[in-house]
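These notes concern the structure reproduced below.
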Amino acid sequence: MENRIDALLEKMTLAEKVGQLTSWSASIFGAFDMGALIQQLVDGAISIEEFESLPRDYHEQEIRDGLVGSLGGAPDVDTLLKLQRIAVEESRLGIPILFGFDVIHGFRTIFPIPLAEACSWEPDLARRTAAVAAKEASAAGLNWTYAPMVDIARDPRWGRISEGAGEDKFLGSVFAAARVEGFQGDLSSDESVLACVKHYAAYGAAVGGRDYNTVDMSLPLLHDVYLPPFEVAARAGAATFMSAFNDLNGVPCTANPYLLDTVLRGRFGFRGFVVSDANAVGELVVHGFSANLREASRMALQAGVEMDMSHGYYRENLPLAVADGSLPGKDLDEAVRRVLRVKFRLGLFERPYRTDAAKAERTLLASAHVDLAREAARRSMVLLKNEGAVLPLAKELRRVAVVGPLADDAADLLGAWAGVGKPEDCVSVLAGMCAAAGVATEILHAPGCKVLGDDTSGFADAIRAAELSDVVVAVVGESKDMSGEGGSRIDLGLPGVQEELVRTLVGTGKPVVVVLVNGRPLAFPWIKEHAAAIVEAWQPGIQGGPAVADVLFGAYNPSGRLAATFPYSVGQVPVHYDHPMTGRPAAATRFSSKYIDGPTEPLYPFGYGLGYTEFTYADLRVDRVEVPADGKVAVEVDLTNVGPVFGEEVVQLYVSDLVGSRVRPVKELKGFHKAALMPGETRCVRFDLEIAALGHHDEALRYLVEPGEFRITVGPDSQRGLQATIRVVAG
Ligand code: BGC
């Protein structure tokens, strides 16, 4: 391969080299000077309608001229095949193109948002949904997904919390690896796509939860919490990374040699290429970090961003930087080499086409994919409350009122970044409930209100439906564009008058089951207090409706556990289970770490979730109490299903490092196991805990496992469990 790359490099002109480092966009309309067009739109020189009706130009001539390394967007399969044919058969050197797209939680078959899927605590589920997403995307002519998003997100105000695996580094790392494996397989199959791990790095820590905002954090925190999922993804073989928009400690991630070179390549052994986030190279100028686009392009390239996703910054500027001597030609060659290596690794030179229209037709929305969407959705849902066992709903109910603005809504089930998913592919909660209800059960429906706005004129119909029914199912939450990119919120309550609607429904005296459809943790203390039951359904994808019905009628016993803490109030944010130990933990006294006007405890902790059966934990044991720093300890607990039905429990193992040379988190997740037990069954659940995984970074960024006492807690969530103590001794 290296010889072939050398041979190509020798033949390439400067323009062709820079072409390989260029990712163009074809997703909106593909006009070459998109920056200028967007400016016209901003200035009002053209209307949005005119903008959208512009003819699509997929840069055929530039591809023929060898000036396009990658194209973003998902036009139809025939267009992509035609473009690839131009690149391979009509361009001088025949270098194939990478076709990239945001396949975040499905391509056409849309699965639950990634945050939801993480609540299954089943990495294998994520591997399977990613593999199906790759299968569909590749059948449609794509070969690169801008996923997985592995940003740790401890701030639910940040709308992009929906795109990742939540607040925890351990759970996040396990899901990061699973998704990379699911997308890529071993890259030998035509059904694989390249993964792109994003957004490198610490984008989830934007100050105030405001998208694109600055990030300032200590390097030990960066390495202990924010980088582990990236490292695991790199070691799982991810072919590409995407540099983040934000600055980190004053240096934008897109021109950050420490992150891109020292850490990613040096420490993590990454051998693929890095693409900038959309326009991020140009934004170096807006950050005030580069004086102009020429400098921005050179700085990004030299820091380690090989490909520019934009409207042509590298293409315009790198040749100028080479000409003025500020960019050595060997730096450019090295970047081209890295891009070509990935194309070879994917086998794109040997098999550039990989699909045809018939394959696309039979693959997208295949029935097995739709079945998996239902399975993934119900496994992602979290039962938060179930007072008096109102759930599962009895089959012999006379009437059920299915109300709320999201009950008869299909589009919002998709969530943000929903590939080419279509609202008409979705089955709403109302439709799912109607299909699942017994023949004798009548379903009444009234929306009550909209997601946003203050119109309460629909309340009366919803109340009437409630009064006529045995139980009320209120489907409330957020519309899909309230989370995702640019979807930061200042308030974490239910938007509009939805909480008022729920209060009015509770006022009827009928039991109210609240089903939440949303893209982030929300704060709803009144509802927690007064609803009979609460199901967090998230944005569950195209089979959301049937999956909600499976959970509500008991065809599926919910097994999801929260992958992110739900705050009691937005004022607690950031609130996460693994916060560092304070010198004055919350206590009854005023001068302790707490609030004077509300609880310190969150609404629901990380790891929390209920089911329709109950589990007990007994006899936590460790096979040794003293263990060397390079050793391991076997931890066992007896788990019993003491309830009436088959169920699944996520057994969670947390470790607290009781004394450290730096202040340590109160606890950290270090293992979990999802166990399925019949009623009455007892199972011994065993963890082999590697002591090497219990360390942390010091100021000099050395990874240390310090001798001393560690407390192990094994239980159903981050707040409860049985405990044992071990002593780590120098290895
Ligand atoms: C987002 C990325 C995405 C890219 C390409 C950007 O605005 O931040 O996550 O992959 O657009 O669509």
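In the structure tokens, each chain is lettered A, B, ... as it comes, each chain's residues begin at 1, and ligands are numbered from 1 in order of appearance.
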
As a ChimeraX atom specification, please: every protein or nucleic acid residue near ligand 1 (cut-off 8 Å, counting only C-alpha atoms and all ligand atoms).
/A:72-73,101-102,146-147,149,198-199,242,244-245,277-279,309,485

Keeping only all heavy atoms, write the selected residues as a tab-separated table (two decimals), in the first residue's frame.
chain	number	residue	atom	x	y	z
A	72	GLY	N	-19.80	15.54	0.97
A	72	GLY	CA	-20.75	15.30	2.06
A	72	GLY	C	-22.18	15.39	1.56
A	72	GLY	O	-22.47	16.19	0.67
A	73	GLY	N	-23.07	14.59	2.16
A	73	GLY	CA	-24.47	14.64	1.76
A	73	GLY	C	-24.94	13.31	1.25
A	73	GLY	O	-24.13	12.41	1.00
A	101	PHE	N	-21.66	11.29	5.39
A	101	PHE	CA	-22.99	11.76	5.77
A	101	PHE	C	-23.16	11.51	7.27
A	101	PHE	O	-22.52	10.64	7.84
A	101	PHE	CB	-24.05	10.99	4.98
A	101	PHE	CG	-25.45	11.54	5.10
A	101	PHE	CD1	-25.73	12.87	4.79
A	101	PHE	CD2	-26.49	10.73	5.53
A	101	PHE	CE1	-27.03	13.37	4.89
A	101	PHE	CE2	-27.79	11.22	5.63
A	101	PHE	CZ	-28.06	12.54	5.31
A	102	ASP	N	-24.06	12.29	7.87
A	102	ASP	CA	-24.32	12.10	9.30
A	102	ASP	C	-25.29	10.94	9.53
A	102	ASP	O	-26.50	11.14	9.61
A	102	ASP	CB	-24.89	13.39	9.90
A	102	ASP	CG	-23.85	14.48	9.98
A	102	ASP	OD1	-23.04	14.45	10.91
A	102	ASP	OD2	-23.83	15.35	9.08
A	146	TYR	N	-20.24	10.35	9.71
A	146	TYR	CA	-19.68	11.27	10.71
A	146	TYR	C	-20.21	10.86	12.08
A	146	TYR	O	-20.99	11.57	12.71
A	146	TYR	CB	-20.07	12.71	10.41
A	146	TYR	CG	-19.79	13.17	9.00
A	146	TYR	CD1	-20.74	13.90	8.29
A	146	TYR	CD2	-18.57	12.90	8.38
A	146	TYR	CE1	-20.49	14.35	7.00
A	146	TYR	CE2	-18.31	13.33	7.08
A	146	TYR	CZ	-19.28	14.06	6.40
A	146	TYR	OH	-19.04	14.49	5.12
A	147	ALA	N	-19.84	9.69	12.53
A	147	ALA	CA	-20.30	9.14	13.79
A	147	ALA	C	-19.31	8.04	14.19
A	147	ALA	O	-18.61	7.52	13.31
A	147	ALA	CB	-21.72	8.57	13.63
A	149	MET	N	-20.62	10.03	17.80
A	149	MET	CA	-20.36	11.20	18.63
A	149	MET	C	-20.10	10.66	20.04
A	149	MET	O	-20.96	10.00	20.60
A	149	MET	CB	-21.61	12.09	18.59
A	149	MET	CG	-21.43	13.48	19.14
A	149	MET	SD	-21.37	13.53	20.92
A	149	MET	CE	-22.59	14.72	21.28
A	198	LYS	N	-16.23	11.83	16.86
A	198	LYS	CA	-16.33	13.28	17.02
A	198	LYS	C	-16.93	13.62	18.37
A	198	LYS	O	-17.52	12.74	19.01
A	198	LYS	CB	-17.19	13.87	15.89
A	198	LYS	CG	-18.68	13.48	15.95
A	198	LYS	CD	-19.40	13.97	14.71
A	198	LYS	CE	-20.91	13.81	14.87
A	198	LYS	NZ	-21.64	14.17	13.67
A	199	HIS	N	-16.82	14.85	18.82
A	199	HIS	CA	-16.09	15.96	18.23
A	199	HIS	C	-14.89	16.14	19.12
A	199	HIS	O	-15.07	16.47	20.30
A	199	HIS	CB	-16.93	17.23	18.21
A	199	HIS	CG	-18.27	17.05	17.52
A	199	HIS	ND1	-19.37	16.51	18.14
A	199	HIS	CD2	-18.67	17.34	16.27
A	199	HIS	CE1	-20.41	16.49	17.30
A	199	HIS	NE2	-20.02	16.97	16.15
A	242	MET	N	-13.06	13.67	13.88
A	242	MET	CA	-13.47	15.03	13.50
A	242	MET	C	-13.05	15.99	14.61
A	242	MET	O	-13.34	15.75	15.78
A	242	MET	CB	-14.99	15.09	13.30
A	242	MET	CG	-15.48	16.44	12.80
A	242	MET	SD	-17.30	16.52	12.68
A	242	MET	CE	-17.62	15.40	11.33
A	244	ALA	N	-13.21	19.34	16.86
A	244	ALA	CA	-14.37	20.07	17.37
A	244	ALA	C	-14.30	21.56	17.05
A	244	ALA	O	-13.24	22.10	16.73
A	244	ALA	CB	-14.48	19.87	18.87
A	245	PHE	N	-15.45	22.21	17.18
A	245	PHE	CA	-15.56	23.66	16.95
A	245	PHE	C	-14.90	24.49	18.06
A	245	PHE	O	-14.38	25.57	17.83
A	245	PHE	CB	-17.02	24.09	16.95
A	245	PHE	CG	-17.83	23.65	15.76
A	245	PHE	CD1	-18.98	22.90	15.91
A	245	PHE	CD2	-17.46	24.05	14.48
A	245	PHE	CE1	-19.75	22.54	14.82
A	245	PHE	CE2	-18.23	23.69	13.37
A	245	PHE	CZ	-19.38	22.93	13.55
A	277	ASP	N	-14.56	19.88	11.64
A	277	ASP	CA	-16.01	20.02	11.62
A	277	ASP	C	-16.35	21.08	10.57
A	277	ASP	O	-15.48	21.83	10.11
A	277	ASP	CB	-16.56	20.39	13.00
A	277	ASP	CG	-18.04	19.99	13.11
A	277	ASP	OD1	-18.69	19.81	12.06
A	277	ASP	OD2	-18.55	19.86	14.24
A	278	ALA	N	-17.62	21.12	10.18
A	278	ALA	CA	-18.02	21.96	9.06
A	278	ALA	C	-17.64	23.41	9.31
A	278	ALA	O	-18.09	24.02	10.28
A	278	ALA	CB	-19.51	21.84	8.83
A	279	ASN	N	-16.78	23.93	8.45
A	279	ASN	CA	-16.39	25.33	8.52
A	279	ASN	C	-15.43	25.69	9.65
A	279	ASN	O	-15.10	26.87	9.84
A	279	ASN	CB	-17.65	26.20	8.68
A	279	ASN	CG	-17.68	27.30	7.68
A	279	ASN	OD1	-17.17	27.14	6.57
A	279	ASN	ND2	-18.22	28.44	8.06
A	309	MET	N	-13.50	20.31	6.00
A	309	MET	CA	-14.90	20.20	5.60
A	309	MET	C	-15.45	21.62	5.55
A	309	MET	O	-15.69	22.24	6.59
A	309	MET	CB	-15.69	19.38	6.61
A	309	MET	CG	-17.13	19.12	6.16
A	309	MET	SD	-18.19	18.61	7.51
A	309	MET	CE	-17.54	17.02	7.92
A	485	GLU	N	-27.84	19.79	17.34
A	485	GLU	CA	-26.94	20.94	17.14
A	485	GLU	C	-27.70	22.26	17.20
A	485	GLU	O	-28.78	22.41	16.62
A	485	GLU	CB	-26.21	20.82	15.80
A	485	GLU	CG	-25.16	21.90	15.67
A	485	GLU	CD	-24.27	21.73	14.45
A	485	GLU	OE1	-24.43	20.74	13.71
A	485	GLU	OE2	-23.41	22.61	14.24

Shell of 6 Å around range 548-553 of chain A, only C-alpha atoms, local chain residues under 6 positions omitted, as JSON, numbers by chain
{"A": [392, 393, 432, 433]}

With only C-alpha atoms as the counted atoms, please give the residues lying no more than 7 Å from range 363-369 of chain A, apart from itself and same-chain residues fewer than 2 positions off, as a count of residues only.
11

Excluding Phe344 in chain A and residues on its chain fewer than 3 positions from it, collect all residues at most 10 Å away from it, counting only C-alpha atoms, and give them as a ChimeraX atom specification.
/A:1-2,4-5,95-96,338-341,347-351

Could you save the residues just selected, with C-alpha atoms, as a CSV table (one decimal), in the first residue's frame?
chain,number,residue,atom,x,y,z
A,1,MET,CA,0.0,0.0,0.0
A,2,GLU,CA,2.7,2.5,0.9
A,4,ARG,CA,1.1,2.6,-4.2
A,5,ILE,CA,0.7,5.8,-2.2
A,95,ILE,CA,-8.6,8.2,-7.0
A,96,PRO,CA,-12.0,7.2,-5.5
A,338,ARG,CA,-3.0,9.8,5.5
A,339,VAL,CA,-6.1,10.4,3.5
A,340,LEU,CA,-5.1,7.9,0.8
A,341,ARG,CA,-4.1,5.3,3.4
A,347,GLY,CA,-10.5,-1.2,-0.2
A,348,LEU,CA,-12.0,1.7,-2.2
A,349,PHE,CA,-9.4,1.5,-5.0
A,350,GLU,CA,-10.3,-2.2,-5.5
A,351,ARG,CA,-14.1,-1.9,-5.0

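The residue that comes closest to Gly545 in chain A, out of A:Val575, A:Val513, A:Cys434, A:Ala460 and on the basis of only C-alpha atoms, is A:Cys434.
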
Pairwise distance, CA of Gln572 in chain A with CA of Trp158 in chain A, equals 14.3 Å

Neighbour list for Asn246 in chain A as a PyMOL selection string, cut-off 12 Å, only C-alpha atoms, skip fewer than 6 positions in-chain:
chain A and resi 199-207+210-216+252-256+276-277+280-281+283-284+286-287+289

Would you export the selected residues with C-alpha atoms as a tab-separated table (two decimals), in the first residue's frame, please?
chain	number	residue	atom	x	y	z
A	199	HIS	CA	-16.09	15.96	18.23
A	200	TYR	CA	-12.48	15.89	19.30
A	201	ALA	CA	-12.43	17.13	22.04
A	202	ALA	CA	-14.37	18.24	25.10
A	203	TYR	CA	-17.10	19.86	22.99
A	204	GLY	CA	-19.65	18.61	25.53
A	205	ALA	CA	-18.17	20.85	28.22
A	206	ALA	CA	-19.16	24.11	26.49
A	207	VAL	CA	-19.57	26.73	29.20
A	210	ARG	CA	-24.31	26.91	25.05
A	211	ASP	CA	-23.37	25.29	21.76
A	212	TYR	CA	-19.98	26.18	20.25
A	213	ASN	CA	-18.96	27.92	23.47
A	214	THR	CA	-15.52	27.97	25.03
A	215	VAL	CA	-14.16	25.13	27.17
A	216	ASP	CA	-11.73	25.59	29.99
A	252	PRO	CA	-9.24	25.93	19.13
A	253	CYS	CA	-9.48	22.14	18.75
A	254	THR	CA	-9.14	22.51	14.98
A	255	ALA	CA	-5.64	23.97	15.32
A	256	ASN	CA	-4.57	22.18	18.47
A	276	SER	CA	-12.45	19.45	10.50
A	277	ASP	CA	-16.01	20.02	11.62
A	280	ALA	CA	-14.23	24.99	11.64
A	281	VAL	CA	-11.06	25.96	9.75
A	283	GLU	CA	-13.85	29.78	12.25
A	284	LEU	CA	-10.24	29.95	13.44
A	286	VAL	CA	-13.64	34.21	13.84
A	287	HIS	CA	-12.11	32.83	17.05
A	289	PHE	CA	-6.83	32.74	16.56

Going by DSSP on the backbone, which residues of range 139-352 of chain A come out as helix (DSSP H, G or I)? List them as a ChimeraX atom specification.
/A:139,159-163,169-184,203-205,207-209,219-226,228-235,253-255,257-267,283-286,293-303,313-323,329-345

Can you pull out every residue within 9 Å of Ala532 in chain A, counting only C-alpha atoms, but drop anything in the same chain fewer than 5 positions away, and send it as a PyMOL selection string?
chain A and resi 385-391+506+511-514+527

Okay, now the selection with N, CA, C and O atoms, as a CSV table (one decimal), in the first residue's frame?
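Below you can see result.csv, which holds the result:
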chain,number,residue,atom,x,y,z
A,385,LYS,N,-41.1,5.9,37.3
A,385,LYS,CA,-42.0,5.8,38.4
A,385,LYS,C,-43.2,4.9,38.0
A,385,LYS,O,-43.6,4.8,36.9
A,386,ASN,N,-43.7,4.1,39.0
A,386,ASN,CA,-44.8,3.3,38.8
A,386,ASN,C,-45.5,3.0,40.1
A,386,ASN,O,-45.5,2.0,40.7
A,387,GLU,N,-46.3,4.1,40.5
A,387,GLU,CA,-46.9,4.0,41.8
A,387,GLU,C,-48.2,3.1,41.7
A,387,GLU,O,-49.0,3.2,40.8
A,388,GLY,N,-48.3,2.2,42.7
A,388,GLY,CA,-49.4,1.3,42.8
A,388,GLY,C,-49.5,0.4,41.6
A,388,GLY,O,-50.5,-0.1,41.2
A,389,ALA,N,-48.3,0.2,41.0
A,389,ALA,CA,-48.3,-0.7,39.8
A,389,ALA,C,-49.3,-0.4,38.8
A,389,ALA,O,-50.0,-1.3,38.3
A,390,VAL,N,-49.5,0.9,38.5
A,390,VAL,CA,-50.5,1.2,37.5
A,390,VAL,C,-50.1,0.6,36.1
A,390,VAL,O,-50.9,0.3,35.3
A,391,LEU,N,-48.8,0.5,35.9
A,391,LEU,CA,-48.3,-0.2,34.7
A,391,LEU,C,-47.8,-1.6,35.1
A,391,LEU,O,-47.4,-1.8,36.3
A,506,VAL,N,-54.0,15.5,36.0
A,506,VAL,CA,-53.9,14.9,37.3
A,506,VAL,C,-55.1,15.3,38.2
A,506,VAL,O,-55.7,14.5,39.0
A,511,PRO,N,-55.7,8.1,37.1
A,511,PRO,CA,-54.2,7.9,37.1
A,511,PRO,C,-53.6,8.4,35.8
A,511,PRO,O,-54.1,8.1,34.7
A,512,VAL,N,-52.5,9.2,35.9
A,512,VAL,CA,-51.9,9.7,34.7
A,512,VAL,C,-50.5,9.1,34.5
A,512,VAL,O,-49.7,9.2,35.4
A,513,VAL,N,-50.4,8.5,33.4
A,513,VAL,CA,-49.1,7.9,33.0
A,513,VAL,C,-48.4,8.9,32.1
A,513,VAL,O,-49.0,9.2,31.0
A,514,VAL,N,-47.3,9.4,32.5
A,514,VAL,CA,-46.6,10.4,31.6
A,514,VAL,C,-45.6,9.7,30.8
A,514,VAL,O,-44.7,9.0,31.3
A,527,ILE,N,-44.2,16.7,38.4
A,527,ILE,CA,-44.7,15.5,37.7
A,527,ILE,C,-44.2,14.3,38.5
A,527,ILE,O,-45.0,13.3,38.6

Enter the distance from CA of Phe273 in chain A to CA of Ala195 in chain A, in Å, rounded to one decimal.
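Atom-to-atom, CA of Phe273 in chain A to CA of Ala195 in chain A, that is 11.0 Å.
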
Please identify which residues in range 500-542 of chain A DSSP calls strand (DSSP E or B) from the backbone, and express them as a list in words.
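The strand (DSSP E or B) subset of range 500-542 of chain A is Val512, Val513, Val514, Val515, Leu516, Val517, Ala533, Ile534, Val535 and Glu536 of chain A.
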
Once you count only C-alpha atoms, what closest atom pair and distance in Å to one decimal does each residue of range 98-124 of chain A within 10 Å of range 671-674 of chain A have, with rows by chain and rising residue number, as CSV?
residue,atom,partner,partner_atom,distance
A:Ser120,CA,A:Lys674,CA,9.0
A:Trp121,CA,A:Lys674,CA,7.2
A:Glu122,CA,A:Lys674,CA,7.4

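You can rank A:Met581, A:Val342, A:Ile110, A:Val622 by their closest distance to Arg664 in chain A using only C-alpha atoms, and at the top of that list sits A:Met581.
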
Residues of range 160-224 of chain A that approach range 694-702 of chain A to 9 Å or less, counting only C-alpha atoms: could you list each one with the shortest pair of atoms and its distance in Å to one decimal, rows by chain and increasing residue number, as a Markdown table?
| residue | atom | partner | partner_atom | distance |
| --- | --- | --- | --- | --- |
| A:Ser218 | CA | A:Glu699 | CA | 8.7 |
| A:Leu219 | CA | A:Leu701 | CA | 7.3 |
| A:Pro220 | CA | A:His697 | CA | 5.2 |
| A:Leu221 | CA | A:His697 | CA | 7.9 |
| A:His223 | CA | A:His697 | CA | 6.8 |
| A:Asp224 | CA | A:His696 | CA | 6.0 |

Selection export as a short mmCIF file (atom, residue, chain, number, x, y, z; two decimals), in the first residue's frame, atoms kept: all heavy atoms:
data_model
loop_
_atom_site.label_atom_id
_atom_site.label_comp_id
_atom_site.auth_asym_id
_atom_site.auth_seq_id
_atom_site.Cartn_x
_atom_site.Cartn_y
_atom_site.Cartn_z
N SER A 218 -9.03 21.58 33.47
CA SER A 218 -7.67 21.12 33.78
C SER A 218 -7.35 19.92 32.89
O SER A 218 -8.25 19.17 32.47
CB SER A 218 -7.58 20.69 35.24
OG SER A 218 -8.25 19.45 35.42
N LEU A 219 -6.07 19.74 32.61
CA LEU A 219 -5.70 18.61 31.76
C LEU A 219 -5.96 17.26 32.44
O LEU A 219 -6.38 16.32 31.77
CB LEU A 219 -4.24 18.75 31.31
CG LEU A 219 -4.01 19.89 30.31
CD1 LEU A 219 -2.55 19.94 29.87
CD2 LEU A 219 -4.92 19.80 29.09
N PRO A 220 -5.76 17.14 33.78
CA PRO A 220 -6.13 15.86 34.38
C PRO A 220 -7.62 15.53 34.18
O PRO A 220 -7.98 14.39 33.89
CB PRO A 220 -5.79 16.05 35.87
CG PRO A 220 -4.67 17.04 35.85
CD PRO A 220 -5.00 17.98 34.71
N LEU A 221 -8.49 16.53 34.30
CA LEU A 221 -9.92 16.28 34.08
C LEU A 221 -10.17 15.86 32.62
O LEU A 221 -10.93 14.92 32.35
CB LEU A 221 -10.74 17.54 34.41
CG LEU A 221 -12.25 17.43 34.17
CD1 LEU A 221 -12.88 16.38 35.09
CD2 LEU A 221 -12.94 18.77 34.38
N HIS A 223 -8.15 14.34 30.66
CA HIS A 223 -7.67 12.97 30.44
C HIS A 223 -8.45 11.93 31.23
O HIS A 223 -8.60 10.80 30.77
CB HIS A 223 -6.18 12.87 30.75
CG HIS A 223 -5.33 13.45 29.66
ND1 HIS A 223 -4.81 12.70 28.64
CD2 HIS A 223 -4.95 14.73 29.40
CE1 HIS A 223 -4.13 13.48 27.80
NE2 HIS A 223 -4.20 14.73 28.25
N ASP A 224 -8.93 12.32 32.40
CA ASP A 224 -9.67 11.33 33.21
C ASP A 224 -11.08 11.12 32.69
O ASP A 224 -11.61 10.00 32.77
CB ASP A 224 -9.77 11.82 34.67
CG ASP A 224 -8.49 11.61 35.45
OD1 ASP A 224 -7.61 10.87 34.96
OD2 ASP A 224 -8.37 12.19 36.55
#
